[in-house]
Amino acid sequence: TQSTWDYQIKMVEKKKSSASLMVRTMLCGGLAGSIDECATLPFDTAKVRMMVDRERPLTIKNMVFTMKTMFKTEGVLCFYKGLIPGIHRQMVYASLRLGLFEPIRNAIFGAHTDGKSPGLIEKVVAGMITGVVGITGANPTDVCKVRLQTQGMPGSTNKNYKGAMDLYLRVCKEEGIINGFWLKSGWLPNCARNCIINAAELATFFHTKQTLIEHKLMGDSKLTDLVCGFTAGLVASVCGNPIELVRTRMMTVEGKAQYGNAFQCIRKSFAKEGFMGFYKGFPLLWFRLGAFNTLFFPIFVQLERFIIPERHAHQLLSY
């Protein structure tokens, strides 16, 4: 009948519109992540160095010492080791975690057509799933980034990679694609890490913004995005630092040889360094995630308003 035909046409158009929205959201996420990566990579490189160094205790003094030593011995460019794979990572990971967030949440909990805002649990679950999906695709870029960031450290056994493409090719040849980039290179702790951190970041940002606006504590403004982004970075740092440390150690050449797997890394790290050892590098992780999220979400929102003009500012609450 004509009504059935009209309904089918509307459903096809709706699916096309949803796919277009998802792709453009992915583009906004990838671009925002890449811009932010360039701005905050020095903090990340110093954080990685501290986490790999198993001898120095967690103190602000040692954080400053790490950065000063890097600058004196390797120059300012050492802070940007891993920039190319870092951008590769954002174009894969940030795109997937933002682009799939709303579709996955709607697929599990249903779309909110009654005007109600999604609940916190819905955001957490969607963030956990998209974090795992995103990092599974981006894990090879993480392996490349961490190895380049630790290259040149005293005692490092990294193999003098000439750059990102050289590292990708040599890992494929010498370690195998699956083992070198996933199974034996920190994929499981990386999934756990990004499951926790992504859920904390996205749920905290969107729910905090939703709460502030609904209770009329703040308006839908750039300042609100900055405040919510900073809050998301703090929550993500507290929740994710332990698994971040395990993941970082397992991605280095030395970590693979010393620990074998993530569970042995947790056991040996705890035996030698205690519980607080899992918060080694926390100040830099907080600086990194705090700065990253404080910049990322406002940039993402502004890109959305430019690339997805039909999504008005208040509709961000639909996340």
# chains A, B, ... in the order shown; residues from 1 in each chain; ligands from 1
$ select_by_dssp --residues "stretch 196-238 of chain A" --states "helix (DSSP H, G or I)" --output "PyMOL selection string"
chain A and resi 196-214+222-238
$ residues_around --residues "A:Tyr80" --least-positions-apart "4" --cutoff "8 Å" --atoms "only C-alpha atoms" --output "list of chain:residue names"
A:Leu41, A:Pro42, A:Thr45, A:Val76, A:Gln149
$ closest_residue --among "A:Phe65, A:Phe270, A:Phe300, A:Phe181" --to "A:Leu167" --atoms "only C-alpha atoms"
A:Phe181
$ closest_residue --among "A:Ser20, A:Ser185, A:Gln302, A:Asn106" --to "A:Asn261" --atoms "only C-alpha atoms"
A:Ser185
$ closest_residue --among "A:Val52, A:Cys239, A:Met70, A:Leu303" --to "A:Gly281" --atoms "only C-alpha atoms"
A:Val52
$ residues_around --residues "A:Ile87" --least-positions-apart "5" --cutoff "10 Å" --atoms "only C-alpha atoms" --output "list in words"
Gly30, Leu31, Gly33, Ser34, Ile35, Asp36, Glu37, Cys38, Gly82, Val92, Tyr93, Ala94, Thr141 and Lys145 of chain A
$ write_last_selection --atoms "N, CA, C and O atoms" --output "CSV table (one decimal), in the first residue's frame"
chain,number,residue,atom,x,y,z
A,30,GLY,N,37.7,12.9,15.7
A,30,GLY,CA,39.1,12.7,15.2
A,30,GLY,C,39.9,14.0,15.1
A,30,GLY,O,41.0,14.1,15.5
A,31,LEU,N,39.2,15.0,14.5
A,31,LEU,CA,39.9,16.3,14.4
A,31,LEU,C,40.2,17.0,15.7
A,31,LEU,O,41.3,17.5,16.0
A,33,GLY,N,40.5,15.5,18.6
A,33,GLY,CA,41.6,14.7,19.3
A,33,GLY,C,43.0,15.0,18.7
A,33,GLY,O,43.9,15.1,19.5
A,34,SER,N,43.0,15.2,17.4
A,34,SER,CA,44.3,15.4,16.8
A,34,SER,C,44.9,16.8,17.2
A,34,SER,O,46.1,17.0,17.5
A,35,ILE,N,44.0,17.8,17.2
A,35,ILE,CA,44.4,19.1,17.6
A,35,ILE,C,44.9,19.1,19.1
A,35,ILE,O,46.0,19.7,19.4
A,36,ASP,N,44.1,18.4,19.9
A,36,ASP,CA,44.5,18.3,21.3
A,36,ASP,C,45.8,17.6,21.5
A,36,ASP,O,46.6,17.9,22.4
A,37,GLU,N,46.0,16.5,20.8
A,37,GLU,CA,47.2,15.7,20.9
A,37,GLU,C,48.4,16.6,20.7
A,37,GLU,O,49.4,16.4,21.4
A,38,CYS,N,48.4,17.4,19.7
A,38,CYS,CA,49.6,18.3,19.4
A,38,CYS,C,49.8,19.2,20.6
A,38,CYS,O,51.0,19.6,20.9
A,82,GLY,N,56.6,10.4,19.1
A,82,GLY,CA,55.3,9.7,19.1
A,82,GLY,C,54.2,10.6,18.6
A,82,GLY,O,53.0,10.2,18.7
A,92,VAL,N,41.6,7.4,14.8
A,92,VAL,CA,40.9,6.1,14.9
A,92,VAL,C,40.1,6.1,16.2
A,92,VAL,O,38.9,5.9,16.2
A,93,TYR,N,40.8,6.3,17.3
A,93,TYR,CA,40.1,6.1,18.7
A,93,TYR,C,39.1,7.2,18.9
A,93,TYR,O,38.0,6.8,19.3
A,94,ALA,N,39.5,8.4,18.8
A,94,ALA,CA,38.5,9.5,19.2
A,94,ALA,C,37.3,9.5,18.2
A,94,ALA,O,36.2,9.8,18.6
A,141,THR,N,48.6,1.8,17.0
A,141,THR,CA,49.1,3.2,17.0
A,141,THR,C,49.6,3.4,18.4
A,141,THR,O,50.6,4.2,18.6
A,145,LYS,N,53.3,4.5,19.4
A,145,LYS,CA,53.5,5.8,20.2
A,145,LYS,C,54.4,5.6,21.4
A,145,LYS,O,55.3,6.4,21.7
$ residues_around --residues "A:Thr208" --least-positions-apart "5" --cutoff "12 Å" --atoms "only C-alpha atoms" --output "list of chain:residue names"
A:Gly119, A:Leu120, A:Lys123, A:Ala200, A:Glu201, A:Leu202, A:Ala203, A:Ile213, A:Glu214, A:His215, A:Leu217, A:Met218, A:Asp220, A:Thr224, A:Asp225, A:Leu226, A:Val227, A:Cys228, A:Gly229, A:Phe230, A:Thr231, A:Ala232, A:Val235, A:Leu316, A:Leu317, A:Tyr319
$ closest_residue --among "A:Ile243, A:Ile104, A:Val124, A:Ile135" --to "A:Phe206" --atoms "only C-alpha atoms"
A:Val124
$ closest_residue --among "A:Ala138, A:Val125, A:Leu96, A:Met250" --to "A:Phe109" --atoms "only C-alpha atoms"
A:Val125
$ closest_residue --among "A:Ile307, A:Leu188, A:Ile177, A:Cys144" --to "A:Arg247" --atoms "only C-alpha atoms"
A:Leu188
$ atom_distance --atom1 "atom CA of A:Lys72" --atom2 "atom CA of A:Gly86"
23.6 Å
$ decode --residues "stretch 263-275 of chain A" --atoms "all heavy atoms" --output "PDB file, in the first residue's frame"
ATOM      1  N   PHE A 263      48.745  -9.736  34.036  1.00  0.00           N
ATOM      2  CA  PHE A 263      48.521 -10.186  35.406  1.00  0.00           C
ATOM      3  C   PHE A 263      49.840 -10.289  36.181  1.00  0.00           C
ATOM      4  O   PHE A 263      49.908  -9.954  37.357  1.00  0.00           O
ATOM      5  CB  PHE A 263      47.793 -11.526  35.397  1.00  0.00           C
ATOM      6  CG  PHE A 263      46.438 -11.457  34.748  1.00  0.00           C
ATOM      7  CD1 PHE A 263      46.230 -11.991  33.489  1.00  0.00           C
ATOM      8  CD2 PHE A 263      45.382 -10.816  35.389  1.00  0.00           C
ATOM      9  CE1 PHE A 263      44.984 -11.912  32.883  1.00  0.00           C
ATOM     10  CE2 PHE A 263      44.139 -10.736  34.790  1.00  0.00           C
ATOM     11  CZ  PHE A 263      43.939 -11.280  33.532  1.00  0.00           C
ATOM     12  N   GLN A 264      50.889 -10.746  35.511  1.00  0.00           N
ATOM     13  CA  GLN A 264      52.205 -10.795  36.151  1.00  0.00           C
ATOM     14  C   GLN A 264      52.727  -9.382  36.412  1.00  0.00           C
ATOM     15  O   GLN A 264      53.388  -9.129  37.426  1.00  0.00           O
ATOM     16  CB  GLN A 264      53.191 -11.566  35.261  1.00  0.00           C
ATOM     17  CG  GLN A 264      52.958 -13.066  35.231  1.00  0.00           C
ATOM     18  CD  GLN A 264      53.143 -13.692  36.605  1.00  0.00           C
ATOM     19  OE1 GLN A 264      54.073 -13.383  37.330  1.00  0.00           O
ATOM     20  NE2 GLN A 264      52.210 -14.574  36.971  1.00  0.00           N
ATOM     21  N   CYS A 265      52.423  -8.474  35.500  1.00  0.00           N
ATOM     22  CA  CYS A 265      52.835  -7.076  35.689  1.00  0.00           C
ATOM     23  C   CYS A 265      52.174  -6.492  36.932  1.00  0.00           C
ATOM     24  O   CYS A 265      52.829  -5.826  37.734  1.00  0.00           O
ATOM     25  CB  CYS A 265      52.464  -6.253  34.452  1.00  0.00           C
ATOM     26  SG  CYS A 265      52.965  -4.525  34.544  1.00  0.00           S
ATOM     27  N   ILE A 266      50.885  -6.757  37.106  1.00  0.00           N
ATOM     28  CA  ILE A 266      50.174  -6.262  38.297  1.00  0.00           C
ATOM     29  C   ILE A 266      50.771  -6.869  39.565  1.00  0.00           C
ATOM     30  O   ILE A 266      51.036  -6.163  40.546  1.00  0.00           O
ATOM     31  CB  ILE A 266      48.673  -6.608  38.190  1.00  0.00           C
ATOM     32  CG1 ILE A 266      48.028  -5.827  37.038  1.00  0.00           C
ATOM     33  CG2 ILE A 266      47.961  -6.302  39.514  1.00  0.00           C
ATOM     34  CD1 ILE A 266      46.613  -6.245  36.737  1.00  0.00           C
ATOM     35  N   ARG A 267      50.995  -8.177  39.547  1.00  0.00           N
ATOM     36  CA  ARG A 267      51.510  -8.870  40.732  1.00  0.00           C
ATOM     37  C   ARG A 267      52.896  -8.374  41.116  1.00  0.00           C
ATOM     38  O   ARG A 267      53.155  -8.051  42.286  1.00  0.00           O
ATOM     39  CB  ARG A 267      51.542 -10.380  40.479  1.00  0.00           C
ATOM     40  CG  ARG A 267      51.934 -11.205  41.702  1.00  0.00           C
ATOM     41  CD  ARG A 267      51.993 -12.688  41.374  1.00  0.00           C
ATOM     42  NE  ARG A 267      53.075 -12.988  40.434  1.00  0.00           N
ATOM     43  CZ  ARG A 267      54.354 -13.146  40.781  1.00  0.00           C
ATOM     44  NH1 ARG A 267      54.722 -12.983  42.049  1.00  0.00           N
ATOM     45  NH2 ARG A 267      55.261 -13.438  39.874  1.00  0.00           N
ATOM     46  N   LYS A 268      53.809  -8.307  40.150  1.00  0.00           N
ATOM     47  CA  LYS A 268      55.180  -7.901  40.432  1.00  0.00           C
ATOM     48  C   LYS A 268      55.259  -6.427  40.797  1.00  0.00           C
ATOM     49  O   LYS A 268      56.047  -6.034  41.666  1.00  0.00           O
ATOM     50  CB  LYS A 268      56.069  -8.211  39.232  1.00  0.00           C
ATOM     51  CG  LYS A 268      56.264  -9.705  38.984  1.00  0.00           C
ATOM     52  CD  LYS A 268      57.180  -9.942  37.798  1.00  0.00           C
ATOM     53  CE  LYS A 268      57.398 -11.444  37.552  1.00  0.00           C
ATOM     54  NZ  LYS A 268      58.280 -11.686  36.379  1.00  0.00           N
ATOM     55  N   SER A 269      54.464  -5.589  40.141  1.00  0.00           N
ATOM     56  CA  SER A 269      54.478  -4.157  40.453  1.00  0.00           C
ATOM     57  C   SER A 269      53.984  -3.915  41.873  1.00  0.00           C
ATOM     58  O   SER A 269      54.556  -3.110  42.618  1.00  0.00           O
ATOM     59  CB  SER A 269      53.618  -3.388  39.452  1.00  0.00           C
ATOM     60  OG  SER A 269      54.151  -3.477  38.148  1.00  0.00           O
ATOM     61  N   PHE A 270      52.932  -4.633  42.267  1.00  0.00           N
ATOM     62  CA  PHE A 270      52.396  -4.466  43.618  1.00  0.00           C
ATOM     63  C   PHE A 270      53.384  -4.969  44.669  1.00  0.00           C
ATOM     64  O   PHE A 270      53.581  -4.336  45.717  1.00  0.00           O
ATOM     65  CB  PHE A 270      51.070  -5.219  43.761  1.00  0.00           C
ATOM     66  CG  PHE A 270      50.458  -5.113  45.126  1.00  0.00           C
ATOM     67  CD1 PHE A 270      49.805  -3.948  45.517  1.00  0.00           C
ATOM     68  CD2 PHE A 270      50.543  -6.160  46.026  1.00  0.00           C
ATOM     69  CE1 PHE A 270      49.248  -3.841  46.774  1.00  0.00           C
ATOM     70  CE2 PHE A 270      49.988  -6.064  47.295  1.00  0.00           C
ATOM     71  CZ  PHE A 270      49.332  -4.899  47.664  1.00  0.00           C
ATOM     72  N   ALA A 271      54.037  -6.110  44.377  1.00  0.00           N
ATOM     73  CA  ALA A 271      54.994  -6.678  45.333  1.00  0.00           C
ATOM     74  C   ALA A 271      56.172  -5.740  45.558  1.00  0.00           C
ATOM     75  O   ALA A 271      56.680  -5.616  46.675  1.00  0.00           O
ATOM     76  CB  ALA A 271      55.479  -8.034  44.831  1.00  0.00           C
ATOM     77  N   LYS A 272      56.611  -5.054  44.502  1.00  0.00           N
ATOM     78  CA  LYS A 272      57.802  -4.209  44.612  1.00  0.00           C
ATOM     79  C   LYS A 272      57.485  -2.786  45.053  1.00  0.00           C
ATOM     80  O   LYS A 272      58.248  -2.169  45.800  1.00  0.00           O
ATOM     81  CB  LYS A 272      58.543  -4.182  43.275  1.00  0.00           C
ATOM     82  CG  LYS A 272      59.839  -3.408  43.322  1.00  0.00           C
ATOM     83  CD  LYS A 272      60.615  -3.519  42.015  1.00  0.00           C
ATOM     84  CE  LYS A 272      61.939  -2.775  42.098  1.00  0.00           C
ATOM     85  NZ  LYS A 272      62.727  -2.892  40.856  1.00  0.00           N
ATOM     86  N   GLU A 273      56.351  -2.245  44.591  1.00  0.00           N
ATOM     87  CA  GLU A 273      56.080  -0.821  44.784  1.00  0.00           C
ATOM     88  C   GLU A 273      54.881  -0.531  45.666  1.00  0.00           C
ATOM     89  O   GLU A 273      54.647   0.620  46.035  1.00  0.00           O
ATOM     90  CB  GLU A 273      55.885  -0.145  43.417  1.00  0.00           C
ATOM     91  CG  GLU A 273      57.076  -0.324  42.480  1.00  0.00           C
ATOM     92  CD  GLU A 273      56.754   0.063  41.052  1.00  0.00           C
ATOM     93  OE1 GLU A 273      56.437   1.247  40.833  1.00  0.00           O
ATOM     94  OE2 GLU A 273      56.805  -0.806  40.164  1.00  0.00           O
ATOM     95  N   GLY A 274      54.086  -1.562  46.005  1.00  0.00           N
ATOM     96  CA  GLY A 274      52.912  -1.341  46.833  1.00  0.00           C
ATOM     97  C   GLY A 274      51.754  -0.734  46.056  1.00  0.00           C
ATOM     98  O   GLY A 274      51.855  -0.456  44.859  1.00  0.00           O
ATOM     99  N   PHE A 275      50.634  -0.486  46.778  1.00  0.00           N
ATOM    100  CA  PHE A 275      49.438   0.026  46.113  1.00  0.00           C
ATOM    101  C   PHE A 275      49.680   1.393  45.471  1.00  0.00           C
ATOM    102  O   PHE A 275      49.240   1.659  44.352  1.00  0.00           O
ATOM    103  CB  PHE A 275      48.286   0.128  47.124  1.00  0.00           C
ATOM    104  CG  PHE A 275      47.044   0.748  46.543  1.00  0.00           C
ATOM    105  CD1 PHE A 275      46.210   0.029  45.701  1.00  0.00           C
ATOM    106  CD2 PHE A 275      46.716   2.072  46.835  1.00  0.00           C
ATOM    107  CE1 PHE A 275      45.072   0.604  45.157  1.00  0.00           C
ATOM    108  CE2 PHE A 275      45.585   2.660  46.297  1.00  0.00           C
ATOM    109  CZ  PHE A 275      44.756   1.922  45.463  1.00  0.00           C
TER     110      PHE A 275
END
